[in-house]
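Enquirer: Input file: run.csv. Contents: CSV, C-alpha atoms.
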chain,number,residue,atom,x,y,z
A,30,MET,CA,0.0,0.0,0.0
A,31,ALA,CA,3.0,2.3,-0.5
A,32,THR,CA,2.3,5.6,-2.1
A,33,LYS,CA,4.7,7.6,-4.2
A,34,ALA,CA,6.1,10.8,-3.0
A,35,GLU,CA,4.4,12.7,-5.9
A,36,ASP,CA,1.0,11.5,-4.6
A,37,ARG,CA,1.4,12.4,-0.9
A,38,HIS,CA,0.5,16.0,-1.6
A,39,THR,CA,-3.1,15.1,-1.8
A,40,GLN,CA,-5.5,13.2,0.5
A,41,CYS,CA,-7.9,12.5,-2.4
A,42,PRO,CA,-8.1,8.8,-3.2
A,43,VAL,CA,-9.3,9.6,-6.8
A,44,ALA,CA,-6.3,11.7,-7.5
A,45,ARG,CA,-4.1,9.0,-5.8
A,46,SER,CA,-5.6,6.3,-8.1
A,47,GLN,CA,-4.7,8.3,-11.1
A,48,GLY,CA,-1.1,8.1,-10.1
A,49,VAL,CA,-1.4,4.4,-10.9
A,50,VAL,CA,-4.1,4.1,-13.5
A,51,GLY,CA,-4.4,7.6,-15.0
A,52,ASP,CA,-3.4,6.5,-18.5
A,53,ARG,CA,-5.6,4.9,-21.1
A,54,TRP,CA,-3.1,2.2,-22.1
A,55,THR,CA,-2.7,1.1,-18.5
A,56,VAL,CA,-6.5,0.7,-18.1
A,57,VAL,CA,-6.8,-1.3,-21.4
A,58,ILE,CA,-3.9,-3.5,-20.3
A,59,LEU,CA,-5.7,-4.2,-17.0
A,60,ARG,CA,-8.8,-5.1,-19.0
A,61,GLU,CA,-6.9,-7.7,-21.0
A,62,LEU,CA,-5.5,-9.3,-17.8
A,63,PHE,CA,-9.1,-9.4,-16.4
A,64,MET,CA,-10.1,-11.1,-19.7
A,65,GLY,CA,-7.6,-13.9,-18.9
A,66,ASN,CA,-5.0,-12.7,-21.4
A,67,HIS,CA,-1.6,-13.0,-19.7
A,68,ARG,CA,1.1,-13.1,-22.3
A,69,PHE,CA,3.0,-10.1,-23.8
A,70,ASP,CA,2.3,-10.8,-27.4
A,71,GLU,CA,-1.4,-11.4,-26.9
A,72,ILE,CA,-1.8,-8.3,-24.8
A,73,LEU,CA,0.1,-6.4,-27.4
A,74,ALA,CA,-2.2,-7.7,-30.2
A,75,GLN,CA,-5.4,-7.0,-28.3
A,76,THR,CA,-4.5,-3.5,-27.0
A,77,GLU,CA,-2.7,-2.5,-30.3
A,78,ALA,CA,0.0,-0.8,-28.2
A,79,THR,CA,3.5,-0.7,-29.5
A,80,PRO,CA,6.0,-3.1,-27.8
A,81,GLN,CA,7.8,-0.2,-26.1
A,82,MET,CA,4.5,1.3,-24.8
A,83,LEU,CA,3.5,-2.1,-23.4
A,84,THR,CA,6.9,-2.8,-21.8
A,85,THR,CA,6.9,0.6,-20.1
A,86,ARG,CA,3.3,0.1,-18.7
A,87,LEU,CA,3.9,-3.5,-17.6
A,88,LYS,CA,7.1,-2.4,-15.7
A,89,ARG,CA,5.2,0.5,-14.1
A,90,LEU,CA,2.2,-1.8,-13.1
A,91,GLU,CA,4.7,-4.2,-11.6
A,92,SER,CA,6.5,-1.5,-9.6
A,93,ASP,CA,3.1,-0.2,-8.5
A,94,GLY,CA,2.2,-3.7,-7.2
A,95,MET,CA,-0.7,-4.3,-9.6
A,96,ILE,CA,0.8,-7.2,-11.5
A,97,GLU,CA,3.5,-9.9,-11.0
A,98,ARG,CA,5.6,-11.7,-13.5
A,99,ARG,CA,5.2,-15.4,-13.5
A,100,ALA,CA,7.4,-18.0,-15.2
A,101,TYR,CA,5.2,-20.3,-17.3
A,102,ASN,CA,8.0,-22.0,-19.1
A,103,THR,CA,11.6,-22.8,-17.9
A,104,LYS,CA,13.4,-23.9,-21.1
A,105,PRO,CA,13.4,-21.4,-22.7
A,106,LEU,CA,12.5,-19.1,-19.8
A,107,ARG,CA,9.2,-17.3,-20.5
A,108,HIS,CA,7.1,-15.0,-18.3
A,109,ASP,CA,3.6,-13.9,-18.3
A,110,TYR,CA,1.7,-11.4,-16.1
A,111,VAL,CA,-0.9,-11.9,-13.5
A,112,LEU,CA,-2.9,-9.5,-11.3
A,113,THR,CA,-1.9,-9.2,-7.6
A,114,PRO,CA,-4.7,-8.7,-5.0
A,115,LYS,CA,-4.3,-4.9,-5.6
A,116,GLY,CA,-4.8,-5.4,-9.3
A,117,GLN,CA,-7.7,-7.8,-8.8
A,118,ALA,CA,-9.3,-5.2,-6.5
A,119,PHE,CA,-9.5,-2.8,-9.5
A,120,TYR,CA,-12.3,-4.9,-11.1
A,121,PRO,CA,-15.2,-2.7,-9.9
A,122,VAL,CA,-13.6,0.2,-11.7
A,123,ILE,CA,-13.4,-1.8,-14.9
A,124,LEU,CA,-17.1,-2.8,-14.5
A,125,ALA,CA,-18.1,0.9,-13.9
A,126,LEU,CA,-16.1,2.0,-17.0
A,127,ARG,CA,-17.8,-0.8,-19.0
A,128,ALA,CA,-21.3,0.4,-17.9
A,129,TRP,CA,-20.5,4.0,-18.7
A,130,GLY,CA,-18.8,3.2,-22.0
A,131,GLU,CA,-21.6,1.0,-23.2
A,132,THR,CA,-24.2,3.6,-22.3
A,133,TRP,CA,-22.4,6.8,-23.5
A,134,CYS,CA,-19.6,5.9,-25.9
A,135,LYS,CA,-21.5,3.8,-28.5
A,136,THR,CA,-23.6,4.6,-31.5
A,137,ARG,CA,-27.1,3.5,-31.9
A,138,GLY,CA,-27.3,-0.1,-33.1
A,139,GLU,CA,-23.9,-1.3,-31.7
A,140,ALA,CA,-24.3,-4.4,-29.5
A,141,VAL,CA,-23.1,-4.7,-26.0
A,142,ALA,CA,-19.5,-6.1,-26.4
A,143,VAL,CA,-19.6,-8.6,-23.6
A,144,ARG,CA,-22.8,-9.9,-22.0
A,145,TYR,CA,-22.4,-11.7,-18.7
A,146,THR,CA,-24.2,-14.6,-17.2
A,147,HIS,CA,-24.4,-14.3,-13.4
A,148,ARG,CA,-23.7,-17.9,-12.4
A,149,PRO,CA,-25.4,-17.8,-9.0
A,150,CYS,CA,-28.8,-16.9,-10.5
A,151,GLY,CA,-28.2,-17.8,-14.2
A,152,LYS,CA,-29.4,-14.4,-15.5
A,153,ASP,CA,-27.9,-11.4,-17.3
A,154,PRO,CA,-26.8,-9.1,-14.5
A,155,GLY,CA,-27.0,-6.0,-16.7
A,156,LEU,CA,-24.5,-3.1,-16.7
A,157,GLY,CA,-24.5,-2.2,-13.0
A,158,THR,CA,-22.2,-3.3,-10.2
A,159,ALA,CA,-25.0,-5.4,-8.6
A,160,CYS,CA,-27.0,-8.0,-10.5
A,161,LYS,CA,-30.2,-6.5,-11.9
A,162,ALA,CA,-31.9,-9.9,-11.6
A,163,CYS,CA,-30.9,-11.1,-8.1
A,164,GLY,CA,-29.4,-7.9,-6.5
A,165,GLU,CA,-26.1,-9.5,-5.5
A,166,VAL,CA,-23.0,-7.4,-5.8
A,167,LEU,CA,-21.1,-8.7,-8.9
A,168,ARG,CA,-17.8,-10.6,-8.3
A,169,LYS,CA,-15.5,-11.5,-11.2
A,170,ALA,CA,-15.5,-15.2,-10.4
A,171,ASP,CA,-19.3,-15.3,-10.7
A,172,LEU,CA,-19.5,-13.9,-14.2
A,173,GLU,CA,-19.4,-15.9,-17.4
A,174,ALA,CA,-18.5,-13.8,-20.5
A,175,ASN,CA,-20.4,-14.0,-23.8
A,176,LEU,CA,-18.8,-11.9,-26.5
A,177,SER,CA,-21.0,-10.3,-29.1
A,178,PRO,CA,-20.3,-11.6,-32.7
A,179,ALA,CA,-18.7,-8.3,-33.7
A,180,TYR,CA,-16.4,-8.2,-30.6
A,181,ALA,CA,-15.6,-11.9,-31.0
A,182,ARG,CA,-14.5,-11.2,-34.6
A,183,GLU,CA,-12.5,-8.2,-33.6
A,184,ARG,CA,-10.6,-10.2,-30.9
A,185,GLU,CA,-10.1,-13.2,-33.2
A,186,SER,CA,-8.7,-10.9,-35.9
A,187,LYS,CA,-6.3,-9.2,-33.5
A,188,GLY,CA,-5.3,-12.6,-31.9
A,189,SER,CA,-4.4,-14.1,-35.3
A,190,VAL,CA,-2.0,-11.3,-35.9
A,191,ALA,CA,-0.3,-12.2,-32.6
A,192,ARG,CA,-0.2,-15.9,-33.4
A,193,LYS,CA,1.5,-15.2,-36.7
A,194,ARG,CA,4.0,-12.9,-35.1
A,195,MET,CA,4.8,-15.5,-32.4
A,196,LYS,CA,5.2,-18.2,-35.0
A,197,ALA,CA,7.5,-16.1,-37.1
A,198,ALA,CA,9.7,-15.4,-34.0
A,199,GLU,CA,10.0,-19.1,-33.1
B,3,MET,CA,-23.6,9.4,-28.0
B,4,ALA,CA,-21.3,10.0,-30.9
B,5,THR,CA,-18.1,8.2,-30.9
B,6,LYS,CA,-14.9,9.4,-32.5
B,7,ALA,CA,-13.5,7.7,-35.5
B,8,GLU,CA,-10.4,6.7,-33.5
B,9,ASP,CA,-12.6,4.7,-31.2
B,10,ARG,CA,-14.7,2.9,-33.8
B,11,HIS,CA,-12.0,0.2,-34.3
B,12,THR,CA,-12.9,-1.4,-31.1
B,13,GLN,CA,-16.2,-2.7,-29.7
B,14,CYS,CA,-14.8,-2.7,-26.1
B,15,PRO,CA,-16.6,-0.1,-23.9
B,16,VAL,CA,-13.6,0.1,-21.5
B,17,ALA,CA,-11.3,1.1,-24.4
B,18,ARG,CA,-14.0,3.5,-25.7
B,19,SER,CA,-14.3,5.1,-22.3
B,20,GLN,CA,-10.6,5.7,-22.3
B,21,GLY,CA,-10.9,7.8,-25.4
B,22,VAL,CA,-12.8,10.3,-23.2
B,23,VAL,CA,-11.4,9.9,-19.7
B,24,GLY,CA,-8.1,8.1,-20.2
B,25,ASP,CA,-6.1,10.9,-18.7
B,26,ARG,CA,-5.4,11.6,-15.1
B,27,TRP,CA,-6.1,15.3,-15.2
B,28,THR,CA,-9.4,14.8,-16.9
B,29,VAL,CA,-10.5,12.4,-14.1
B,30,VAL,CA,-9.4,14.9,-11.4
B,31,ILE,CA,-11.2,17.7,-13.2
B,32,LEU,CA,-14.4,15.6,-13.2
B,33,ARG,CA,-13.9,14.9,-9.5
B,34,GLU,CA,-13.9,18.7,-8.9
B,35,LEU,CA,-17.1,19.2,-10.8
B,36,PHE,CA,-18.7,16.4,-8.8
B,37,MET,CA,-17.5,18.2,-5.6
B,38,GLY,CA,-19.5,21.3,-6.8
B,39,ASN,CA,-16.5,23.3,-7.9
B,40,HIS,CA,-17.5,24.9,-11.2
B,41,ARG,CA,-15.2,27.8,-11.8
B,42,PHE,CA,-12.0,27.8,-13.8
B,43,ASP,CA,-9.8,29.4,-11.1
B,44,GLU,CA,-11.1,27.1,-8.4
B,45,ILE,CA,-10.7,24.0,-10.4
B,46,LEU,CA,-7.2,25.2,-11.3
B,47,ALA,CA,-6.3,25.6,-7.6
B,48,GLN,CA,-7.7,22.3,-6.5
B,49,THR,CA,-6.3,20.2,-9.3
B,50,GLU,CA,-2.9,22.0,-9.4
B,51,ALA,CA,-3.0,21.8,-13.2
B,52,THR,CA,-1.5,24.6,-15.3
B,53,PRO,CA,-3.9,27.0,-16.9
B,54,GLN,CA,-3.1,25.6,-20.3
B,55,MET,CA,-3.6,22.0,-19.2
B,56,LEU,CA,-6.9,22.9,-17.7
B,57,THR,CA,-8.1,24.9,-20.7
B,58,THR,CA,-7.2,22.0,-23.1
B,59,ARG,CA,-9.0,19.4,-20.9
B,60,LEU,CA,-12.1,21.6,-20.4
B,61,LYS,CA,-12.4,22.1,-24.2
B,62,ARG,CA,-12.0,18.4,-24.8
B,63,LEU,CA,-14.6,17.6,-22.1
B,64,GLU,CA,-17.0,20.0,-23.7
B,65,SER,CA,-16.5,18.6,-27.3
B,66,ASP,CA,-17.0,15.1,-25.8
B,67,GLY,CA,-20.3,16.2,-24.4
B,68,MET,CA,-19.3,15.7,-20.7
B,69,ILE,CA,-19.6,19.4,-19.6
B,70,GLU,CA,-21.3,22.6,-20.7
B,71,ARG,CA,-20.2,26.2,-20.3
B,72,ARG,CA,-22.8,28.2,-18.4
B,73,ALA,CA,-22.8,32.0,-18.1
B,74,TYR,CA,-23.0,32.9,-14.4
B,75,ASN,CA,-22.4,36.6,-14.9
B,76,THR,CA,-23.3,38.9,-17.8
B,77,LYS,CA,-21.3,42.1,-17.0
B,78,PRO,CA,-18.6,41.2,-17.3
B,79,LEU,CA,-19.4,37.9,-19.0
B,80,ARG,CA,-18.2,35.0,-17.0
B,81,HIS,CA,-18.6,31.3,-17.6
B,82,ASP,CA,-18.4,28.3,-15.4
B,83,TYR,CA,-18.7,24.6,-16.1
B,84,VAL,CA,-21.4,22.1,-15.3
B,85,LEU,CA,-21.7,18.4,-16.0
B,86,THR,CA,-24.1,17.2,-18.7
B,87,PRO,CA,-26.1,14.0,-18.2
B,88,LYS,CA,-23.2,12.1,-19.8
B,89,GLY,CA,-20.8,13.7,-17.3
B,90,GLN,CA,-23.2,13.0,-14.4
B,91,ALA,CA,-23.4,9.4,-15.4
B,92,PHE,CA,-19.6,9.1,-14.8
B,93,TYR,CA,-20.2,9.2,-11.0
B,94,PRO,CA,-20.1,5.5,-10.4
B,95,VAL,CA,-16.6,5.4,-11.9
B,96,ILE,CA,-15.5,8.1,-9.5
B,97,LEU,CA,-17.0,6.2,-6.6
B,98,ALA,CA,-15.2,3.0,-7.7
B,99,LEU,CA,-11.9,4.9,-8.1
B,100,ARG,CA,-12.4,6.4,-4.6
B,101,ALA,CA,-13.0,3.0,-3.1
B,102,TRP,CA,-9.9,1.5,-4.8
B,103,GLY,CA,-7.8,4.5,-4.0
B,104,GLU,CA,-8.7,4.6,-0.3
B,105,THR,CA,-8.0,0.9,0.0
B,106,TRP,CA,-4.8,0.5,-2.1
B,107,CYS,CA,-3.2,3.9,-2.6
B,108,LYS,CA,-2.9,5.1,1.0
B,109,THR,CA,-0.4,4.5,3.7
B,110,ARG,CA,-1.3,3.2,7.2
B,111,GLY,CA,-2.8,5.8,9.4
B,112,GLU,CA,-4.1,8.1,6.6
B,113,ALA,CA,-7.8,8.9,7.2
B,114,VAL,CA,-10.5,8.4,4.6
B,115,ALA,CA,-10.5,11.8,2.7
B,116,VAL,CA,-14.3,12.1,2.4
B,117,ARG,CA,-16.8,10.2,4.5
B,118,TYR,CA,-20.4,10.3,3.3
B,119,THR,CA,-23.6,10.2,5.2
B,120,HIS,CA,-26.3,8.3,3.2
B,121,ARG,CA,-29.3,10.6,3.7
B,122,PRO,CA,-32.0,8.0,3.2
B,123,CYS,CA,-30.7,5.9,6.1
B,124,GLY,CA,-28.5,8.4,8.0
B,125,LYS,CA,-25.6,6.0,8.1
B,126,ASP,CA,-22.0,5.9,6.7
B,127,PRO,CA,-22.5,4.0,3.4
B,128,GLY,CA,-18.8,2.8,3.4
B,129,LEU,CA,-16.6,2.6,0.3
B,130,GLY,CA,-18.8,0.4,-2.0
B,131,THR,CA,-21.3,1.4,-4.7
B,132,ALA,CA,-24.2,0.2,-2.5
B,133,CYS,CA,-24.8,1.5,1.1
B,134,LYS,CA,-23.2,-1.0,3.5
B,135,ALA,CA,-25.9,0.0,6.1
B,136,CYS,CA,-29.1,-0.2,4.1
B,137,GLY,CA,-28.0,-1.9,0.8
B,138,GLU,CA,-29.4,0.8,-1.5
B,139,VAL,CA,-27.3,1.7,-4.6
B,140,LEU,CA,-25.6,5.0,-3.9
B,141,ARG,CA,-26.8,8.1,-5.8
B,142,LYS,CA,-24.8,11.4,-5.7
B,143,ALA,CA,-27.9,13.3,-4.6
B,144,ASP,CA,-28.3,11.1,-1.5
B,145,LEU,CA,-24.7,11.6,-0.2
B,146,GLU,CA,-23.6,14.3,2.2
B,147,ALA,CA,-19.8,14.8,2.2
B,148,ASN,CA,-17.8,15.1,5.4
B,149,LEU,CA,-14.2,16.0,4.7
B,150,SER,CA,-11.4,14.6,7.0
B,151,PRO,CA,-9.5,17.4,8.8
B,152,ALA,CA,-6.4,16.8,6.7
B,153,TYR,CA,-8.3,16.9,3.4
B,154,ALA,CA,-10.3,20.0,4.5
B,155,ARG,CA,-7.0,21.7,5.4
B,156,GLU,CA,-5.6,20.7,2.0
B,157,ARG,CA,-8.6,22.1,0.1
B,158,GLU,CA,-8.7,25.3,2.2
B,159,SER,CA,-5.0,25.9,1.5
B,160,LYS,CA,-5.4,25.3,-2.2
B,161,GLY,CA,-8.6,27.4,-2.3
B,162,SER,CA,-7.0,30.4,-0.6
B,163,VAL,CA,-4.4,30.4,-3.4
B,164,ALA,CA,-7.2,30.7,-6.0
B,165,ARG,CA,-9.0,33.4,-4.1
B,166,LYS,CA,-5.8,35.5,-3.9
B,167,ARG,CA,-5.2,35.0,-7.6
B,168,MET,CA,-8.7,36.0,-8.5
B,169,LYS,CA,-8.5,39.1,-6.2
B,170,ALA,CA,-5.3,40.2,-7.8
B,171,ALA,CA,-6.9,39.8,-11.3
B,172,GLU,CA,-9.9,42.0,-10.4
Mind converting the file's structure to structure tokens?
Expert:
Amino acid sequence: MATKAEDRHTQCPVARSQGVVGDRWTVVILRELFMGNHRFDEILAQTEATPQMLTTRLKRLESDGMIERRAYNTKPLRHDYVLTPKGQAFYPVILALRAWGETWCKTRGEAVAVRYTHRPCGKDPGLGTACKACGEVLRKADLEANLSPAYARERESKGSVARKRMKAAE
Amino acid sequence: MATKAEDRHTQCPVARSQGVVGDRWTVVILRELFMGNHRFDEILAQTEATPQMLTTRLKRLESDGMIERRAYNTKPLRHDYVLTPKGQAFYPVILALRAWGETWCKTRGEAVAVRYTHRPCGKDPGLGTACKACGEVLRKADLEANLSPAYARERESKGSVARKRMKAAE
């Protein structure tokens, strides 16, 4: 829970949070980690960041205690990135941004990108932070994601770019 | 609900949101507007932005449909800034950032900057998006803010700088 010196001049938790996540690329990288995408090349493909931009943000997220590097292969040594408890705790912000973005940043006729099924009740919980069907506060582990056809195509297309790049680098 | 061309390449509402609010200064300016601070010099003082940074962000927020300029004086003509419905709808994100920032971006012993009283039940609603006492989803209009002594001092100190500057400019 350490805070940086630059943040100590304010008591405001919103301003403090922006010292960590006040950058659009950082937020989109966190979204990818929440979607279960842990590897550099795949995060690169889905965020459309440049390698340098992604490297800088991942290092910063690591030093801010939001993510950890984890060895998923030993020969050759390969790392991926996982959310720490501090990073996991950011999920309600992602949900709130999703609700606002779906409502205010889309044109008429665009589908909701990800619909969830709330496992405890089996219903669509809607866009709020509590399930509109059963009223429970939403937890990441209770949500099953169902991508819209357009968003599924978008992710498949970006992902195939990453797979080609990784294959070429082998 | 128009979206910018740069955002249309993705269906993701989180990425879309970051096209509008993916900048730490923008988020802190929105916080000020939610705190009832509508005038340029006062926002400048509380955010500690430079005049140019603030002007750029306010123009962008206006063109993104988040805020409107409002004439509060005619002779001389003076404007301030108010949130539109799209801007007002961002409040749950501010609440989620507040909760995360209070929990993960503060050092031991620092007080919660703003405690609320939830008017419908008269209790402290806690840090969630629903009142921990009565369970109702929190709405801005139902919350009465009580600043911690340290945060009240911080805001008073920044505000007095703004008042001196405005007085000097009269």
Enquirer: Which distance in Å separates atom CA of Pro15 of chain B and atom CA of Ala74 of chain A, to one decimal?
Expert: 17.5 Å
Enquirer: Using all atoms listed in the file, which chain A residues lie at most 7 Å away from chain B, written as a short mmCIF file (atom, residue, chain, number, x, y, z; two decimals) with C-alpha atoms, keeping the file's coordinate frame?
Expert:
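File written: selection_33.cif
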data_model
loop_
_atom_site.label_atom_id
_atom_site.label_comp_id
_atom_site.auth_asym_id
_atom_site.auth_seq_id
_atom_site.Cartn_x
_atom_site.Cartn_y
_atom_site.Cartn_z
CA MET A 30 0.00 0.00 0.00
CA ALA A 31 3.00 2.30 -0.50
CA THR A 32 2.30 5.60 -2.10
CA GLN A 40 -5.50 13.20 0.50
CA CYS A 41 -7.90 12.50 -2.40
CA PRO A 42 -8.10 8.80 -3.20
CA VAL A 43 -9.30 9.60 -6.80
CA ALA A 44 -6.30 11.70 -7.50
CA ARG A 45 -4.10 9.00 -5.80
CA SER A 46 -5.60 6.30 -8.10
CA GLN A 47 -4.70 8.30 -11.10
CA GLY A 51 -4.40 7.60 -15.00
CA ASP A 52 -3.40 6.50 -18.50
CA ARG A 53 -5.60 4.90 -21.10
CA VAL A 57 -6.80 -1.30 -21.40
CA LYS A 115 -4.30 -4.90 -5.60
CA ALA A 118 -9.30 -5.20 -6.50
CA PHE A 119 -9.50 -2.80 -9.50
CA PRO A 121 -15.20 -2.70 -9.90
CA VAL A 122 -13.60 0.20 -11.70
CA ILE A 123 -13.40 -1.80 -14.90
CA ALA A 125 -18.10 0.90 -13.90
CA LEU A 126 -16.10 2.00 -17.00
CA ARG A 127 -17.80 -0.80 -19.00
CA TRP A 129 -20.50 4.00 -18.70
CA GLY A 130 -18.80 3.20 -22.00
CA GLU A 131 -21.60 1.00 -23.20
CA TRP A 133 -22.40 6.80 -23.50
CA CYS A 134 -19.60 5.90 -25.90
CA LYS A 135 -21.50 3.80 -28.50
CA THR A 136 -23.60 4.60 -31.50
CA ALA A 142 -19.50 -6.10 -26.40
CA TYR A 180 -16.40 -8.20 -30.60
#
Enquirer: Record the distance separating atom CA of His120 of chain B and atom CA of Leu145 of chain B, expressed in Å with one decimal.
Expert: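 Between atom CA of His120 of chain B and atom CA of Leu145 of chain B the gap works out to 5.0 Å.
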Enquirer: In Å, rounded to a single decimal, give me how far atom CA of Gly161 of chain B is from atom CA of Asp43 of chain B.
Expert: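 If I compute the distance from atom CA of Asp43 of chain B to atom CA of Gly161 of chain B, I get 9.1 Å.
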Enquirer: As an MDAnalysis selection string, please: the residues near Pro53 of chain B (cut-off 9 Å, only C-alpha atoms, same-chain neighbours under 3 positions excluded).
Expert: chainID B and resid 42:43 46 56:58
Enquirer: Would you please work out which residue, of B:Pro151, B:Arg41, B:Lys160, B:Arg165, is nearest to Ala73 of chain B when using all atoms listed in the file?
Expert: B:Arg41
Enquirer: I'd like to know which of B:Glu44, B:Ala135, B:Pro127, B:Met37 is closest to Arg167 of chain B, using only C-alpha atoms.
Expert: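 Result for the nearest residue to Arg167 of chain B: B:Glu44.
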Enquirer: Could you check the closest approach to Phe63 of chain A for each of A:Ser92, A:Asp153, A:Arg168, A:Tyr101 and tell me which residue wins, using only C-alpha atoms?
Expert: A:Arg168
Enquirer: Can you fill out segment 136-157 of chain A with N, CA and C atoms and hand it back as a PDB file, in the coordinates of the input?
Expert:
ATOM      1  N   THR A 136     -22.539   4.120 -30.577  1.00  0.00           N
ATOM      2  CA  THR A 136     -23.600   4.600 -31.500  1.00  0.00           C
ATOM      3  C   THR A 136     -24.758   3.696 -31.458  1.00  0.00           C
ATOM      4  N   ARG A 137     -25.892   4.248 -31.856  1.00  0.00           N
ATOM      5  CA  ARG A 137     -27.100   3.500 -31.900  1.00  0.00           C
ATOM      6  C   ARG A 137     -26.876   2.199 -32.757  1.00  0.00           C
ATOM      7  N   GLY A 138     -27.362   1.082 -32.280  1.00  0.00           N
ATOM      8  CA  GLY A 138     -27.300  -0.100 -33.100  1.00  0.00           C
ATOM      9  C   GLY A 138     -26.057  -0.993 -32.778  1.00  0.00           C
ATOM     10  N   GLU A 139     -25.059  -0.434 -32.067  1.00  0.00           N
ATOM     11  CA  GLU A 139     -23.900  -1.300 -31.700  1.00  0.00           C
ATOM     12  C   GLU A 139     -24.301  -2.158 -30.518  1.00  0.00           C
ATOM     13  N   ALA A 140     -23.937  -3.418 -30.607  1.00  0.00           N
ATOM     14  CA  ALA A 140     -24.300  -4.400 -29.500  1.00  0.00           C
ATOM     15  C   ALA A 140     -23.406  -4.178 -28.328  1.00  0.00           C
ATOM     16  N   VAL A 141     -23.904  -4.602 -27.168  1.00  0.00           N
ATOM     17  CA  VAL A 141     -23.100  -4.700 -26.000  1.00  0.00           C
ATOM     18  C   VAL A 141     -21.952  -5.680 -26.264  1.00  0.00           C
ATOM     19  N   ALA A 142     -20.699  -5.265 -26.020  1.00  0.00           N
ATOM     20  CA  ALA A 142     -19.500  -6.100 -26.400  1.00  0.00           C
ATOM     21  C   ALA A 142     -19.486  -7.409 -25.682  1.00  0.00           C
ATOM     22  N   VAL A 143     -19.694  -7.349 -24.367  1.00  0.00           N
ATOM     23  CA  VAL A 143     -19.600  -8.600 -23.600  1.00  0.00           C
ATOM     24  C   VAL A 143     -20.904  -8.613 -22.684  1.00  0.00           C
ATOM     25  N   ARG A 144     -21.714  -9.627 -22.902  1.00  0.00           N
ATOM     26  CA  ARG A 144     -22.800  -9.900 -22.000  1.00  0.00           C
ATOM     27  C   ARG A 144     -22.376 -10.924 -20.984  1.00  0.00           C
ATOM     28  N   TYR A 145     -22.773 -10.748 -19.739  1.00  0.00           N
ATOM     29  CA  TYR A 145     -22.400 -11.700 -18.700  1.00  0.00           C
ATOM     30  C   TYR A 145     -23.575 -12.598 -18.349  1.00  0.00           C
ATOM     31  N   THR A 146     -23.252 -13.794 -17.895  1.00  0.00           N
ATOM     32  CA  THR A 146     -24.200 -14.600 -17.200  1.00  0.00           C
ATOM     33  C   THR A 146     -23.789 -14.630 -15.736  1.00  0.00           C
ATOM     34  N   HIS A 147     -24.695 -14.266 -14.833  1.00  0.00           N
ATOM     35  CA  HIS A 147     -24.400 -14.300 -13.400  1.00  0.00           C
ATOM     36  C   HIS A 147     -24.629 -15.694 -12.892  1.00  0.00           C
ATOM     37  N   ARG A 148     -23.536 -16.456 -12.694  1.00  0.00           N
ATOM     38  CA  ARG A 148     -23.700 -17.900 -12.400  1.00  0.00           C
ATOM     39  C   ARG A 148     -24.594 -18.198 -11.220  1.00  0.00           C
ATOM     40  N   PRO A 149     -24.521 -17.432 -10.102  1.00  0.00           N
ATOM     41  CA  PRO A 149     -25.400 -17.800  -9.000  1.00  0.00           C
ATOM     42  C   PRO A 149     -26.889 -17.798  -9.323  1.00  0.00           C
ATOM     43  N   CYS A 150     -27.320 -16.897 -10.231  1.00  0.00           N
ATOM     44  CA  CYS A 150     -28.800 -16.900 -10.500  1.00  0.00           C
ATOM     45  C   CYS A 150     -29.059 -17.254 -11.987  1.00  0.00           C
ATOM     46  N   GLY A 151     -28.000 -17.375 -12.817  1.00  0.00           N
ATOM     47  CA  GLY A 151     -28.200 -17.800 -14.200  1.00  0.00           C
ATOM     48  C   GLY A 151     -28.723 -16.736 -15.141  1.00  0.00           C
ATOM     49  N   LYS A 152     -28.842 -15.474 -14.635  1.00  0.00           N
ATOM     50  CA  LYS A 152     -29.400 -14.400 -15.500  1.00  0.00           C
ATOM     51  C   LYS A 152     -28.360 -13.406 -15.930  1.00  0.00           C
ATOM     52  N   ASP A 153     -28.741 -12.549 -16.897  1.00  0.00           N
ATOM     53  CA  ASP A 153     -27.900 -11.400 -17.300  1.00  0.00           C
ATOM     54  C   ASP A 153     -27.926 -10.374 -16.235  1.00  0.00           C
ATOM     55  N   PRO A 154     -26.763 -10.057 -15.635  1.00  0.00           N
ATOM     56  CA  PRO A 154     -26.800  -9.100 -14.500  1.00  0.00           C
ATOM     57  C   PRO A 154     -26.903  -7.638 -14.948  1.00  0.00           C
ATOM     58  N   GLY A 155     -26.898  -7.379 -16.270  1.00  0.00           N
ATOM     59  CA  GLY A 155     -27.000  -6.000 -16.700  1.00  0.00           C
ATOM     60  C   GLY A 155     -25.687  -5.266 -16.651  1.00  0.00           C
ATOM     61  N   LEU A 156     -25.744  -3.928 -16.632  1.00  0.00           N
ATOM     62  CA  LEU A 156     -24.500  -3.100 -16.700  1.00  0.00           C
ATOM     63  C   LEU A 156     -24.087  -2.564 -15.338  1.00  0.00           C
ATOM     64  N   GLY A 157     -24.879  -2.787 -14.303  1.00  0.00           N
ATOM     65  CA  GLY A 157     -24.500  -2.200 -13.000  1.00  0.00           C
ATOM     66  C   GLY A 157     -23.474  -2.998 -12.260  1.00  0.00           C
TER      67      GLY A 157
END
